[in-house]
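Asks: Below you will find the structure I want to go over with you.
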Amino acid sequence: MSESLLGMPPARVLADLGEGCVILTVDASMYPQHAVYAAAYCFIARCYVWLDRAEPEAFRVVLTAKQPTDAEGLRALAGEFSNELLASAWRREITRLNRGLIESVTMQAFGGAMGPPSLDDLEAFDFSDEPFDDPLGIAQSWEDKYRKPKPGAETGAETGAAVAAETDPQGGAAT
Amino acid sequence: MSLEVLQSGAALDTGGYPAFFRFREIGERVVVTSIEGEWIVLTREEFRGFLRGEVDRDGALHQRLVERNLVRESFDARRAAEAYRRRKRFVHYGPNLHLMVVTLRCNETCVYCHASRANLDALHTDMTIETAERAVDLILRTTSPHVTIEFQGGEPLVNFPVVQHIVEYATQRNRGLGKQLEFTMVSNLSLMDETKLAWLLAHRVQLCTSIDGPKSLHDKQRKLPTLSSYDAAEPWIARINAAYREAGLDPTLYHVEALLTTTKETLERWREVVDTYVALGCRALFLRPVDPFGFAEKTRKIVEYPREDYLAYYRRAVDYIIELNHQGVEILERYAAIFLTKILTGDDPNFLDIRSPGGAGIGQLAYNYDGTIYSSDEGRMLGAMGDPTFAIGDVRTSRYRDIVSHPTVRAMAIASNLEGQPDCVDCPYVPYCGTQPEHNHKTLGTMMGRMRESSMCAVHKGIQDFLFEKLATADAATLEILHRWTTIRAREHFVQPVAEGG
């Protein structure tokens, strides 16, 4: 059975002591969805978290404590969530406003810490990484894919035809 | 127009006078800082005039504001950019502090330490030679020209052969690299002997210890079976300091450094703590609050305290330290020295927990005995408590660039950039401050933290309030003392020579 919690607006925060959960209704015109996600995520170690739309203009957040808790514990969860929600929403706006400065300092910090790649790094780098995988040879021209190998070309194992023969179940039989 | 109106967000006609600024009231005064960290402390009346643009353009206040780049019409953007760049100089280099946990075994049992120790028979918590070498190989890949390897534990003297091997191996490997390499050992000193000491002195390993205050308090918090842990440490502090003097080293620069952990019981004993440090010959005292890492919930009730109690203790202790300085005793408080260096010199001493972005992963790394790499020692302690969030690699398989660019490290750099933090962006102390994602994660459940609820923020703000009060009201002799605390003197003796084979 739902009941209100001391100091919490009953229209926004209700608790179910039997279920050990607190139910918050968040005005979607006040808080962006990302902020709700961010705040809710902070609680997944301590709570089972359920998000949905209570109504078109509101999110509903249900925090169910993983460990048994009392009304004071639920009140603390609701209060902490509200504070984290505000921090998340405000941080998002600040990050937007200060994006240039934050990116500049962060990029410099990582550039400074990583330094240029060493020969070992380059040796370990996977240069075979293609921009996209094309096992069926779709990006190849018809001529490349199905042309007859020239006499003596069998040693050139990396020709398009040879690759096609390996990858095409027809084995280049179309020629 | 009152400050209250300004704080309420009501429209304010400044007459276009102030350049960008942040402010904070401390008592009857207002601290104002510029974007690059220039500062001024104004009376409320002066601040109102500053806000309204009602400052006599021929007067002294206008001149002071111009000098601090706080007036729009004379704002020097180039100067601001240069000063900002200078403060952030540390971002050009990678990790310079590398903590090596060579063992978890320890012969002492401390009330606030559970994650960092194991019993003496837990041989499996010793770092092996092979793990140590792989860690050193990674350490020397850092882009930082300065490298400090700090031996921690447990008690590092328990696994002394590995400490010796690391020193020799790293020094030899560094000969072709030419980095400024230093070694520091944090030890309780109870297992020290003359042979070990001679070796450590010969290899220029700087020695630090932990002293929690007067003997009765130290012994209560740091238990050594059958012995007084204070009595076990104190003679060695004197012996090491004497050895430095015998080697012709300046005793004001070369002496055993000691670390304090402030517990609930320390708070009332601030005077005894300071006196103990002075008597031991220490020149610095770091009034660190107890960390939230590495102890059980039931222990928290014994050692923890409200941060306002801590700040009252801090003020009393530092006032007493200043009083002793007036009497000719040279001792400083480390928090104050860090913040004052930033405030008074425009430089940053690169203290890794008080910088923005924070030093985790990009300024420091911690290497556990088993080869796991953590973003910091705090991250390692959380790992030991079963939270692997800050484990970012393994010395046997990870490559340097993958470690410092690990997704967790990236998240921590963003989380600890104060320009993206609510509250910090409006705080005048942001040019001098820093936050620690591991602390936020542990205490508030998110790396970002919420500064108004953060005990670390409360400590940093409280200390800076205190320092700005001093800077605004202190007499000339006290100001000279505070300025002296900002002087950083390099301990060249501890830098390993690289000439041979170089």
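Letters for chains follow the order of the structure tokens (A, B, ...), residue numbers begin at 1 for each chain, and ligand numbers begin at 1 in the order shown.
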Kindly provide, as a ChimeraX atom specification, the residues of chain B having any atom no farther than 10 Å from an atom of chain A, counting only C-alpha atoms.
Replies: /B:85,88-96,141-144,356-357,359,361-363,399-405,409-410,413-414,417-423,425,441,444-453
Asks: If we count only C-alpha atoms and set the cut-off at 6 Å, which residues sit around range 26-41 of chain B, ignoring sequence neighbours fewer than 4 positions away in its own chain? Please answer as a PyMOL selection string.
Replies: chain B and resi 21-22+68+80+83-84+428+431
Asks: Do you know which residues are at most 12 Å from range 59-70 of chain A counting only C-alpha atoms, after dropping those on the same chain fewer than 3 positions away, and could you put them as JSON, numbers by chain?
Replies: {"A": [5, 11, 12, 13, 14, 15, 16, 17, 18, 19, 20, 21, 22, 23, 24, 25, 26, 27, 28, 29, 30, 31, 32, 33, 34, 35, 36, 37, 39, 40, 41, 42, 43, 44, 45, 46, 47, 48, 49, 50, 51, 52, 53, 54, 55, 56, 73, 74, 75, 76, 77, 78, 79, 80, 81, 82, 85]}
Asks: Applying 12 Å and only C-alpha atoms, which residues near Glu492 in chain B remain after dropping the ones on its own chain fewer than 6 positions away? List them as a PDB file with all heavy atoms, in the first residue's frame.
Replies:
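Below is the file result-v7.pdb, written as the result:
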ATOM      1  N   GLN B 180      64.016  11.562 -14.631  1.00  0.00           N
ATOM      2  CA  GLN B 180      64.335  11.923 -13.239  1.00  0.00           C
ATOM      3  C   GLN B 180      63.629  10.919 -12.350  1.00  0.00           C
ATOM      4  O   GLN B 180      62.446  11.066 -12.046  1.00  0.00           O
ATOM      5  CB  GLN B 180      63.850  13.334 -12.937  1.00  0.00           C
ATOM      6  CG  GLN B 180      64.800  14.407 -13.442  1.00  0.00           C
ATOM      7  CD  GLN B 180      64.727  15.635 -12.559  1.00  0.00           C
ATOM      8  OE1 GLN B 180      63.642  16.073 -12.225  1.00  0.00           O
ATOM      9  NE2 GLN B 180      65.863  16.186 -12.188  1.00  0.00           N
ATOM     10  N   LEU B 181      64.350   9.919 -11.930  1.00  0.00           N
ATOM     11  CA  LEU B 181      63.758   8.783 -11.227  1.00  0.00           C
ATOM     12  C   LEU B 181      64.026   8.888  -9.729  1.00  0.00           C
ATOM     13  O   LEU B 181      65.170   9.097  -9.317  1.00  0.00           O
ATOM     14  CB  LEU B 181      64.366   7.490 -11.789  1.00  0.00           C
ATOM     15  CG  LEU B 181      63.938   6.171 -11.146  1.00  0.00           C
ATOM     16  CD1 LEU B 181      62.441   5.916 -11.321  1.00  0.00           C
ATOM     17  CD2 LEU B 181      64.742   5.012 -11.758  1.00  0.00           C
ATOM     18  N   GLU B 182      62.956   8.774  -8.947  1.00  0.00           N
ATOM     19  CA  GLU B 182      63.096   8.803  -7.489  1.00  0.00           C
ATOM     20  C   GLU B 182      62.328   7.632  -6.878  1.00  0.00           C
ATOM     21  O   GLU B 182      61.350   7.153  -7.457  1.00  0.00           O
ATOM     22  CB  GLU B 182      62.536  10.111  -6.910  1.00  0.00           C
ATOM     23  CG  GLU B 182      63.284  11.348  -7.350  1.00  0.00           C
ATOM     24  CD  GLU B 182      62.732  12.612  -6.708  1.00  0.00           C
ATOM     25  OE1 GLU B 182      62.434  12.582  -5.502  1.00  0.00           O
ATOM     26  OE2 GLU B 182      62.596  13.611  -7.420  1.00  0.00           O
ATOM     27  N   ARG B 204      69.603   5.953  -2.171  1.00  0.00           N
ATOM     28  CA  ARG B 204      68.866   7.220  -2.203  1.00  0.00           C
ATOM     29  C   ARG B 204      67.351   7.028  -2.202  1.00  0.00           C
ATOM     30  O   ARG B 204      66.614   7.702  -2.924  1.00  0.00           O
ATOM     31  CB  ARG B 204      69.269   8.046  -3.423  1.00  0.00           C
ATOM     32  CG  ARG B 204      70.745   8.334  -3.463  1.00  0.00           C
ATOM     33  CD  ARG B 204      71.149   9.063  -4.720  1.00  0.00           C
ATOM     34  NE  ARG B 204      72.606   9.259  -4.718  1.00  0.00           N
ATOM     35  CZ  ARG B 204      73.196  10.414  -4.980  1.00  0.00           C
ATOM     36  NH1 ARG B 204      72.486  11.466  -5.277  1.00  0.00           N
ATOM     37  NH2 ARG B 204      74.500  10.514  -4.954  1.00  0.00           N
ATOM     38  N   VAL B 205      66.893   6.097  -1.414  1.00  0.00           N
ATOM     39  CA  VAL B 205      65.446   5.880  -1.287  1.00  0.00           C
ATOM     40  C   VAL B 205      64.946   6.791  -0.162  1.00  0.00           C
ATOM     41  O   VAL B 205      65.401   6.679   0.983  1.00  0.00           O
ATOM     42  CB  VAL B 205      65.122   4.408  -0.967  1.00  0.00           C
ATOM     43  CG1 VAL B 205      63.617   4.224  -0.784  1.00  0.00           C
ATOM     44  CG2 VAL B 205      65.652   3.497  -2.069  1.00  0.00           C
ATOM     45  N   GLN B 206      64.026   7.677  -0.513  1.00  0.00           N
ATOM     46  CA  GLN B 206      63.479   8.583   0.499  1.00  0.00           C
ATOM     47  C   GLN B 206      62.566   7.796   1.443  1.00  0.00           C
ATOM     48  O   GLN B 206      61.770   6.964   0.991  1.00  0.00           O
ATOM     49  CB  GLN B 206      62.700   9.714  -0.156  1.00  0.00           C
ATOM     50  CG  GLN B 206      62.245  10.748   0.841  1.00  0.00           C
ATOM     51  CD  GLN B 206      61.483  11.892   0.202  1.00  0.00           C
ATOM     52  OE1 GLN B 206      61.270  11.921  -1.002  1.00  0.00           O
ATOM     53  NE2 GLN B 206      61.070  12.841   1.009  1.00  0.00           N
ATOM     54  N   LEU B 249      73.866  16.381   4.219  1.00  0.00           N
ATOM     55  CA  LEU B 249      72.636  16.895   3.599  1.00  0.00           C
ATOM     56  C   LEU B 249      71.973  17.920   4.515  1.00  0.00           C
ATOM     57  O   LEU B 249      72.009  17.779   5.745  1.00  0.00           O
ATOM     58  CB  LEU B 249      71.672  15.738   3.317  1.00  0.00           C
ATOM     59  CG  LEU B 249      72.204  14.685   2.332  1.00  0.00           C
ATOM     60  CD1 LEU B 249      71.283  13.467   2.302  1.00  0.00           C
ATOM     61  CD2 LEU B 249      72.324  15.279   0.922  1.00  0.00           C
ATOM     62  N   ASP B 250      71.385  18.919   3.915  1.00  0.00           N
ATOM     63  CA  ASP B 250      70.725  19.995   4.652  1.00  0.00           C
ATOM     64  C   ASP B 250      69.539  19.423   5.441  1.00  0.00           C
ATOM     65  O   ASP B 250      68.567  18.932   4.838  1.00  0.00           O
ATOM     66  CB  ASP B 250      70.246  21.047   3.633  1.00  0.00           C
ATOM     67  CG  ASP B 250      69.480  22.179   4.288  1.00  0.00           C
ATOM     68  OD1 ASP B 250      69.299  22.153   5.524  1.00  0.00           O
ATOM     69  OD2 ASP B 250      69.051  23.087   3.552  1.00  0.00           O
ATOM     70  N   LEU B 253      65.931  20.200   4.608  1.00  0.00           N
ATOM     71  CA  LEU B 253      65.363  19.623   3.385  1.00  0.00           C
ATOM     72  C   LEU B 253      65.287  18.098   3.455  1.00  0.00           C
ATOM     73  O   LEU B 253      64.370  17.480   2.919  1.00  0.00           O
ATOM     74  CB  LEU B 253      66.244  20.046   2.197  1.00  0.00           C
ATOM     75  CG  LEU B 253      65.654  19.999   0.800  1.00  0.00           C
ATOM     76  CD1 LEU B 253      64.357  20.773   0.744  1.00  0.00           C
ATOM     77  CD2 LEU B 253      66.643  20.557  -0.206  1.00  0.00           C
ATOM     78  N   TYR B 254      66.280  17.515   4.130  1.00  0.00           N
ATOM     79  CA  TYR B 254      66.373  16.059   4.160  1.00  0.00           C
ATOM     80  C   TYR B 254      66.098  15.548   5.569  1.00  0.00           C
ATOM     81  O   TYR B 254      66.919  15.708   6.477  1.00  0.00           O
ATOM     82  CB  TYR B 254      67.752  15.604   3.670  1.00  0.00           C
ATOM     83  CG  TYR B 254      67.967  15.954   2.228  1.00  0.00           C
ATOM     84  CD1 TYR B 254      68.641  17.130   1.878  1.00  0.00           C
ATOM     85  CD2 TYR B 254      67.462  15.156   1.213  1.00  0.00           C
ATOM     86  CE1 TYR B 254      68.815  17.478   0.548  1.00  0.00           C
ATOM     87  CE2 TYR B 254      67.626  15.495  -0.119  1.00  0.00           C
ATOM     88  CZ  TYR B 254      68.307  16.661  -0.447  1.00  0.00           C
ATOM     89  OH  TYR B 254      68.460  16.996  -1.758  1.00  0.00           O
TER      90      TYR B 254
END
Asks: Quick check for you: according to DSSP on this backbone, which residues of range 203-302 of chain B are classed as helix (DSSP H, G or I)? Reply as a PyMOL selection string.
Replies: chain B and resi 215-221+229-246+264-279+297-302
